[in-house]
$ cat final_37.pdb   # PDB, C-alpha atoms
ATOM      1  CA  MET A   1     -70.670-166.146 129.691  1.00  0.00           C
ATOM      2  CA  ARG A   2     -72.016-162.931 128.209  1.00  0.00           C
ATOM      3  CA  GLY A   3     -71.793-163.033 124.429  1.00  0.00           C
ATOM      4  CA  GLU A   4     -71.391-166.819 124.285  1.00  0.00           C
ATOM      5  CA  ALA A   5     -73.641-168.870 122.048  1.00  0.00           C
ATOM      6  CA  SER A   6     -76.747-169.982 123.914  1.00  0.00           C
ATOM      7  CA  VAL A   7     -79.579-169.757 121.367  1.00  0.00           C
ATOM      8  CA  LEU A   8     -80.594-172.726 119.246  1.00  0.00           C
ATOM      9  CA  HIS A   9     -82.711-172.435 116.138  1.00  0.00           C
ATOM     10  CA  ALA A  10     -84.169-175.861 115.406  1.00  0.00           C
ATOM     11  CA  ASP A  11     -85.799-176.358 112.002  1.00  0.00           C
ATOM     12  CA  LEU A  12     -87.210-179.624 110.702  1.00  0.00           C
ATOM     13  CA  ASP A  13     -85.946-180.372 107.202  1.00  0.00           C
ATOM     14  CA  ALA A  14     -88.549-180.362 104.365  1.00  0.00           C
ATOM     15  CA  PHE A  15     -91.066-181.081 107.114  1.00  0.00           C
ATOM     16  CA  TYR A  16     -94.250-182.223 105.332  1.00  0.00           C
ATOM     17  CA  ALA A  17     -92.323-184.184 102.704  1.00  0.00           C
ATOM     18  CA  SER A  18     -90.087-185.738 105.367  1.00  0.00           C
ATOM     19  CA  VAL A  19     -93.143-186.919 107.309  1.00  0.00           C
ATOM     20  CA  GLU A  20     -94.457-188.526 104.121  1.00  0.00           C
ATOM     21  CA  GLN A  21     -91.108-190.240 103.528  1.00  0.00           C
ATOM     22  CA  ARG A  22     -90.991-191.369 107.170  1.00  0.00           C
ATOM     23  CA  ASP A  23     -94.480-192.873 106.990  1.00  0.00           C
ATOM     24  CA  THR A  24     -94.115-194.474 103.540  1.00  0.00           C
ATOM     25  CA  PRO A  25     -90.677-196.074 103.217  1.00  0.00           C
ATOM     26  CA  ALA A  26     -91.130-196.511  99.435  1.00  0.00           C
ATOM     27  CA  LEU A  27     -90.933-192.693  99.136  1.00  0.00           C
ATOM     28  CA  ARG A  28     -87.491-192.443 100.776  1.00  0.00           C
ATOM     29  CA  GLY A  29     -84.857-191.195  98.373  1.00  0.00           C
ATOM     30  CA  ARG A  30     -87.508-190.258  95.802  1.00  0.00           C
ATOM     31  CA  PRO A  31     -88.734-186.792  94.835  1.00  0.00           C
ATOM     32  CA  VAL A  32     -91.907-186.057  96.799  1.00  0.00           C
ATOM     33  CA  ILE A  33     -94.268-183.118  96.376  1.00  0.00           C
ATOM     34  CA  VAL A  34     -96.923-182.443  98.994  1.00  0.00           C
ATOM     35  CA  GLY A  35     -99.955-180.684  97.532  1.00  0.00           C
ATOM     36  CA  GLY A  36    -101.552-180.666  94.132  1.00  0.00           C
ATOM     37  CA  GLY A  37    -102.464-177.300  92.678  1.00  0.00           C
ATOM     38  CA  VAL A  38     -99.747-175.584  94.703  1.00  0.00           C
ATOM     39  CA  VAL A  39     -96.623-177.137  96.228  1.00  0.00           C
ATOM     40  CA  LEU A  40     -96.918-177.060 100.018  1.00  0.00           C
ATOM     41  CA  ALA A  41     -93.603-178.856 100.499  1.00  0.00           C
ATOM     42  CA  ALA A  42     -90.968-180.661  98.469  1.00  0.00           C
ATOM     43  CA  SER A  43     -88.430-183.273  99.474  1.00  0.00           C
ATOM     44  CA  TYR A  44     -84.761-182.490  98.976  1.00  0.00           C
ATOM     45  CA  GLU A  45     -84.794-184.817  95.974  1.00  0.00           C
ATOM     46  CA  ALA A  46     -87.522-182.659  94.366  1.00  0.00           C
ATOM     47  CA  LYS A  47     -85.827-179.421  95.447  1.00  0.00           C
ATOM     48  CA  ALA A  48     -82.675-180.555  93.644  1.00  0.00           C
ATOM     49  CA  ARG A  49     -84.744-180.521  90.428  1.00  0.00           C
ATOM     50  CA  GLY A  50     -85.941-176.958  91.023  1.00  0.00           C
ATOM     51  CA  VAL A  51     -89.245-177.607  92.819  1.00  0.00           C
ATOM     52  CA  ARG A  52     -90.015-174.965  95.443  1.00  0.00           C
ATOM     53  CA  THR A  53     -92.720-174.301  98.021  1.00  0.00           C
ATOM     54  CA  ALA A  54     -95.637-172.200  96.691  1.00  0.00           C
ATOM     55  CA  MET A  55     -94.820-173.158  93.092  1.00  0.00           C
ATOM     56  CA  GLY A  56     -97.718-174.153  90.875  1.00  0.00           C
ATOM     57  CA  GLY A  57     -98.272-177.900  90.683  1.00  0.00           C
ATOM     58  CA  ARG A  58     -98.054-178.025  86.892  1.00  0.00           C
ATOM     59  CA  GLN A  59     -94.704-176.212  86.859  1.00  0.00           C
ATOM     60  CA  ALA A  60     -93.409-178.538  89.607  1.00  0.00           C
ATOM     61  CA  ARG A  61     -94.453-181.643  87.659  1.00  0.00           C
ATOM     62  CA  ASP A  62     -92.820-180.229  84.504  1.00  0.00           C
ATOM     63  CA  LEU A  63     -89.552-179.784  86.410  1.00  0.00           C
ATOM     64  CA  CYS A  64     -89.800-183.158  88.107  1.00  0.00           C
ATOM     65  CA  PRO A  65     -92.100-185.499  86.151  1.00  0.00           C
ATOM     66  CA  ASP A  66     -91.114-188.535  88.230  1.00  0.00           C
ATOM     67  CA  ALA A  67     -92.094-186.894  91.516  1.00  0.00           C
ATOM     68  CA  VAL A  68     -94.636-188.609  93.696  1.00  0.00           C
ATOM     69  CA  VAL A  69     -97.397-186.108  94.463  1.00  0.00           C
ATOM     70  CA  VAL A  70     -99.218-186.729  97.740  1.00  0.00           C
ATOM     71  CA  PRO A  71    -102.149-184.892  99.292  1.00  0.00           C
ATOM     72  CA  PRO A  72    -101.427-183.032 102.522  1.00  0.00           C
ATOM     73  CA  ARG A  73    -102.225-184.736 105.828  1.00  0.00           C
ATOM     74  CA  MET A  74    -102.329-181.810 108.221  1.00  0.00           C
ATOM     75  CA  ASP A  75    -103.448-183.917 111.189  1.00  0.00           C
ATOM     76  CA  VAL A  76    -100.347-186.116 110.815  1.00  0.00           C
ATOM     77  CA  TYR A  77     -98.033-183.093 110.478  1.00  0.00           C
ATOM     78  CA  SER A  78     -99.607-181.508 113.565  1.00  0.00           C
ATOM     79  CA  ALA A  79     -99.059-184.709 115.562  1.00  0.00           C
ATOM     80  CA  ALA A  80     -95.412-184.904 114.462  1.00  0.00           C
ATOM     81  CA  SER A  81     -94.954-181.241 115.395  1.00  0.00           C
ATOM     82  CA  ARG A  82     -96.447-181.844 118.852  1.00  0.00           C
ATOM     83  CA  ASP A  83     -94.024-184.733 119.369  1.00  0.00           C
ATOM     84  CA  VAL A  84     -91.030-182.604 118.357  1.00  0.00           C
ATOM     85  CA  PHE A  85     -92.127-179.642 120.474  1.00  0.00           C
ATOM     86  CA  ALA A  86     -92.475-181.986 123.472  1.00  0.00           C
ATOM     87  CA  ILE A  87     -88.785-182.834 122.997  1.00  0.00           C
ATOM     88  CA  PHE A  88     -87.983-179.117 122.772  1.00  0.00           C
ATOM     89  CA  ARG A  89     -89.835-178.444 126.052  1.00  0.00           C
ATOM     90  CA  ASP A  90     -88.144-181.435 127.674  1.00  0.00           C
ATOM     91  CA  THR A  91     -84.810-179.899 126.677  1.00  0.00           C
ATOM     92  CA  THR A  92     -85.510-176.395 128.025  1.00  0.00           C
ATOM     93  CA  PRO A  93     -88.534-174.487 129.297  1.00  0.00           C
ATOM     94  CA  LEU A  94     -87.479-171.522 127.155  1.00  0.00           C
ATOM     95  CA  VAL A  95     -88.976-172.450 123.775  1.00  0.00           C
ATOM     96  CA  GLU A  96     -90.296-169.903 121.281  1.00  0.00           C
ATOM     97  CA  GLY A  97     -92.186-171.591 118.471  1.00  0.00           C
ATOM     98  CA  LEU A  98     -92.026-169.850 115.108  1.00  0.00           C
ATOM     99  CA  SER A  99     -94.118-172.250 113.048  1.00  0.00           C
ATOM    100  CA  ILE A 100     -95.213-175.867 112.957  1.00  0.00           C
ATOM    101  CA  ASP A 101     -91.645-176.950 112.199  1.00  0.00           C
ATOM    102  CA  GLU A 102     -89.235-174.508 113.829  1.00  0.00           C
ATOM    103  CA  ALA A 103     -88.422-172.893 117.158  1.00  0.00           C
ATOM    104  CA  PHE A 104     -85.829-171.006 119.133  1.00  0.00           C
ATOM    105  CA  LEU A 105     -84.531-172.628 122.311  1.00  0.00           C
ATOM    106  CA  GLU A 106     -82.545-170.763 124.976  1.00  0.00           C
ATOM    107  CA  VAL A 107     -80.072-173.219 126.500  1.00  0.00           C
ATOM    108  CA  GLY A 108     -77.386-171.029 128.091  1.00  0.00           C
ATOM    109  CA  GLY A 109     -78.586-171.779 131.620  1.00  0.00           C
ATOM    110  CA  LEU A 110     -78.215-175.523 131.070  1.00  0.00           C
ATOM    111  CA  ARG A 111     -74.402-175.649 130.954  1.00  0.00           C
ATOM    112  CA  ARG A 112     -73.923-177.169 134.410  1.00  0.00           C
ATOM    113  CA  ILE A 113     -76.578-179.856 134.028  1.00  0.00           C
ATOM    114  CA  ALA A 114     -76.633-180.533 130.289  1.00  0.00           C
ATOM    115  CA  GLY A 115     -73.335-179.352 128.820  1.00  0.00           C
ATOM    116  CA  THR A 116     -72.513-176.802 126.155  1.00  0.00           C
ATOM    117  CA  PRO A 117     -75.141-175.517 123.737  1.00  0.00           C
ATOM    118  CA  GLU A 118     -73.483-177.612 121.020  1.00  0.00           C
ATOM    119  CA  GLN A 119     -73.825-180.756 123.153  1.00  0.00           C
ATOM    120  CA  VAL A 120     -77.472-179.916 123.889  1.00  0.00           C
ATOM    121  CA  ALA A 121     -78.059-179.415 120.139  1.00  0.00           C
ATOM    122  CA  GLU A 122     -76.489-182.772 119.263  1.00  0.00           C
ATOM    123  CA  ARG A 123     -78.666-184.583 121.812  1.00  0.00           C
ATOM    124  CA  LEU A 124     -81.737-182.712 120.552  1.00  0.00           C
ATOM    125  CA  ARG A 125     -81.041-183.787 116.969  1.00  0.00           C
ATOM    126  CA  ALA A 126     -80.488-187.397 118.059  1.00  0.00           C
ATOM    127  CA  ARG A 127     -83.722-187.483 120.087  1.00  0.00           C
ATOM    128  CA  VAL A 128     -85.832-186.046 117.271  1.00  0.00           C
ATOM    129  CA  ARG A 129     -84.426-188.648 114.887  1.00  0.00           C
ATOM    130  CA  ALA A 130     -84.829-191.551 117.332  1.00  0.00           C
ATOM    131  CA  GLU A 131     -88.191-190.634 118.850  1.00  0.00           C
ATOM    132  CA  VAL A 132     -90.018-188.941 115.966  1.00  0.00           C
ATOM    133  CA  GLY A 133     -88.143-190.330 112.968  1.00  0.00           C
ATOM    134  CA  LEU A 134     -87.363-186.940 111.426  1.00  0.00           C
ATOM    135  CA  VAL A 135     -84.181-185.020 110.720  1.00  0.00           C
ATOM    136  CA  ILE A 136     -83.686-181.545 112.085  1.00  0.00           C
ATOM    137  CA  SER A 137     -81.092-178.889 111.435  1.00  0.00           C
ATOM    138  CA  VAL A 138     -79.902-176.762 114.333  1.00  0.00           C
ATOM    139  CA  GLY A 139     -78.003-173.505 114.422  1.00  0.00           C
ATOM    140  CA  VAL A 140     -76.223-172.393 117.602  1.00  0.00           C
ATOM    141  CA  ALA A 141     -75.359-168.725 118.109  1.00  0.00           C
ATOM    142  CA  ARG A 142     -75.431-165.693 120.420  1.00  0.00           C
ATOM    143  CA  THR A 143     -78.554-164.217 118.815  1.00  0.00           C
ATOM    144  CA  LYS A 144     -81.757-165.523 117.282  1.00  0.00           C
ATOM    145  CA  PHE A 145     -80.893-164.035 113.907  1.00  0.00           C
ATOM    146  CA  LEU A 146     -77.482-165.718 113.775  1.00  0.00           C
ATOM    147  CA  ALA A 147     -78.909-169.014 115.032  1.00  0.00           C
ATOM    148  CA  LYS A 148     -81.542-168.950 112.264  1.00  0.00           C
ATOM    149  CA  VAL A 149     -78.882-168.226 109.638  1.00  0.00           C
ATOM    150  CA  ALA A 150     -76.710-171.032 111.038  1.00  0.00           C
ATOM    151  CA  SER A 151     -79.537-173.587 110.857  1.00  0.00           C
ATOM    152  CA  ALA A 152     -80.317-172.568 107.261  1.00  0.00           C
ATOM    153  CA  VAL A 153     -76.664-172.949 106.265  1.00  0.00           C
ATOM    154  CA  SER A 154     -76.446-176.359 107.970  1.00  0.00           C
ATOM    155  CA  LYS A 155     -79.384-177.850 106.012  1.00  0.00           C
ATOM    156  CA  PRO A 156     -80.099-180.587 105.424  1.00  0.00           C
ATOM    157  CA  ASP A 157     -79.582-182.602 108.610  1.00  0.00           C
ATOM    158  CA  GLY A 158     -76.851-180.444 110.054  1.00  0.00           C
ATOM    159  CA  LEU A 159     -75.560-178.575 113.057  1.00  0.00           C
ATOM    160  CA  LEU A 160     -73.661-175.317 112.794  1.00  0.00           C
ATOM    161  CA  ASP A 161     -72.176-173.333 115.657  1.00  0.00           C
ATOM    162  CA  GLU A 162     -71.753-169.703 114.665  1.00  0.00           C
TER     163      GLU A 162
END

$ encode --input "final_37.pdb" --output "structure tokens"
Amino acid sequence: MRGEASVLHADLDAFYASVEQRDTPALRGRPVIVGGGVVLAASYEAKARGVRTAMGGRQARDLCPDAVVVPPRMDVYSAASRDVFAIFRDTTPLVEGLSIDEAFLEVGGLRRIAGTPEQVAERLRARVRAEVGLVISVGVARTKFLAKVASAVSKPDGLLDE
């Protein structure tokens, strides 16, 4: 088993904007910008128009004039993060949080009881969608670095086994 993929990097997609779209169905499929003076997050629809995190609000609105700009709701994002991290910890005790919306999970020791890392990742993605209402991309690899690259490549809403 040495050298086999056993690390998952789980990363919620466009986290703040996805929470806003989850909570306000009228925002689904529309460009959403979280923040005013500075973009804290952008939905994939806004990103497709060139809007990026940390961009000035005026520049973002120039690029995407039809975007819906919403104020941040940090308490709601924190609650959603807690719910997702509870799923992570229910999956494996070996969770290393990197930020409010991403973590590494070591799942190599779960093969006998939970299946391959890819199977664990698929169930993780399904649970996050069903229980929290958010999409998550997961990379599966032998190392943290490769798992993080795999999750980035699989975005949005993907799973990639390196």

$ resolve_selection --input "final_37.pdb" --expression "the PyMOL selection byres ((chain A and resi 143) around 9)" --output "PyMOL selection string"
chain A and resi 3+5-8+140-142+144-148

$ closest_residue --input "final_37.pdb" --among "A:Val120, A:Val68, A:Ala54, A:Leu12" --to "Ala26 of chain A" --atoms "only C-alpha atoms"
A:Val68

$ resolve_selection --input "final_37.pdb" --expression "the PyMOL selection byres ((chain A and resi 70) around 10)" --output "ChimeraX atom specification"
/A:17,20,32-36,67-69,71-73

$ residues_around --input "final_37.pdb" --residues "Val153 of chain A" --least-positions-apart "3" --cutoff "12 Å" --atoms "only C-alpha atoms" --output "ChimeraX atom specification"
/A:9,11,13,137-140,146-150,156-162

$ resolve_selection --input "final_37.pdb" --expression "the PyMOL selection byres ((chain A and resi 89-97) around 10)" --output "ChimeraX atom specification"
/A:7-10,84-88,98-110,114,120-121,123-124

$ closest_residue --input "final_37.pdb" --among "A:Val76, A:Val39, A:Lys155, A:Gly56" --to "Val135 of chain A" --atoms "only C-alpha atoms"
A:Lys155
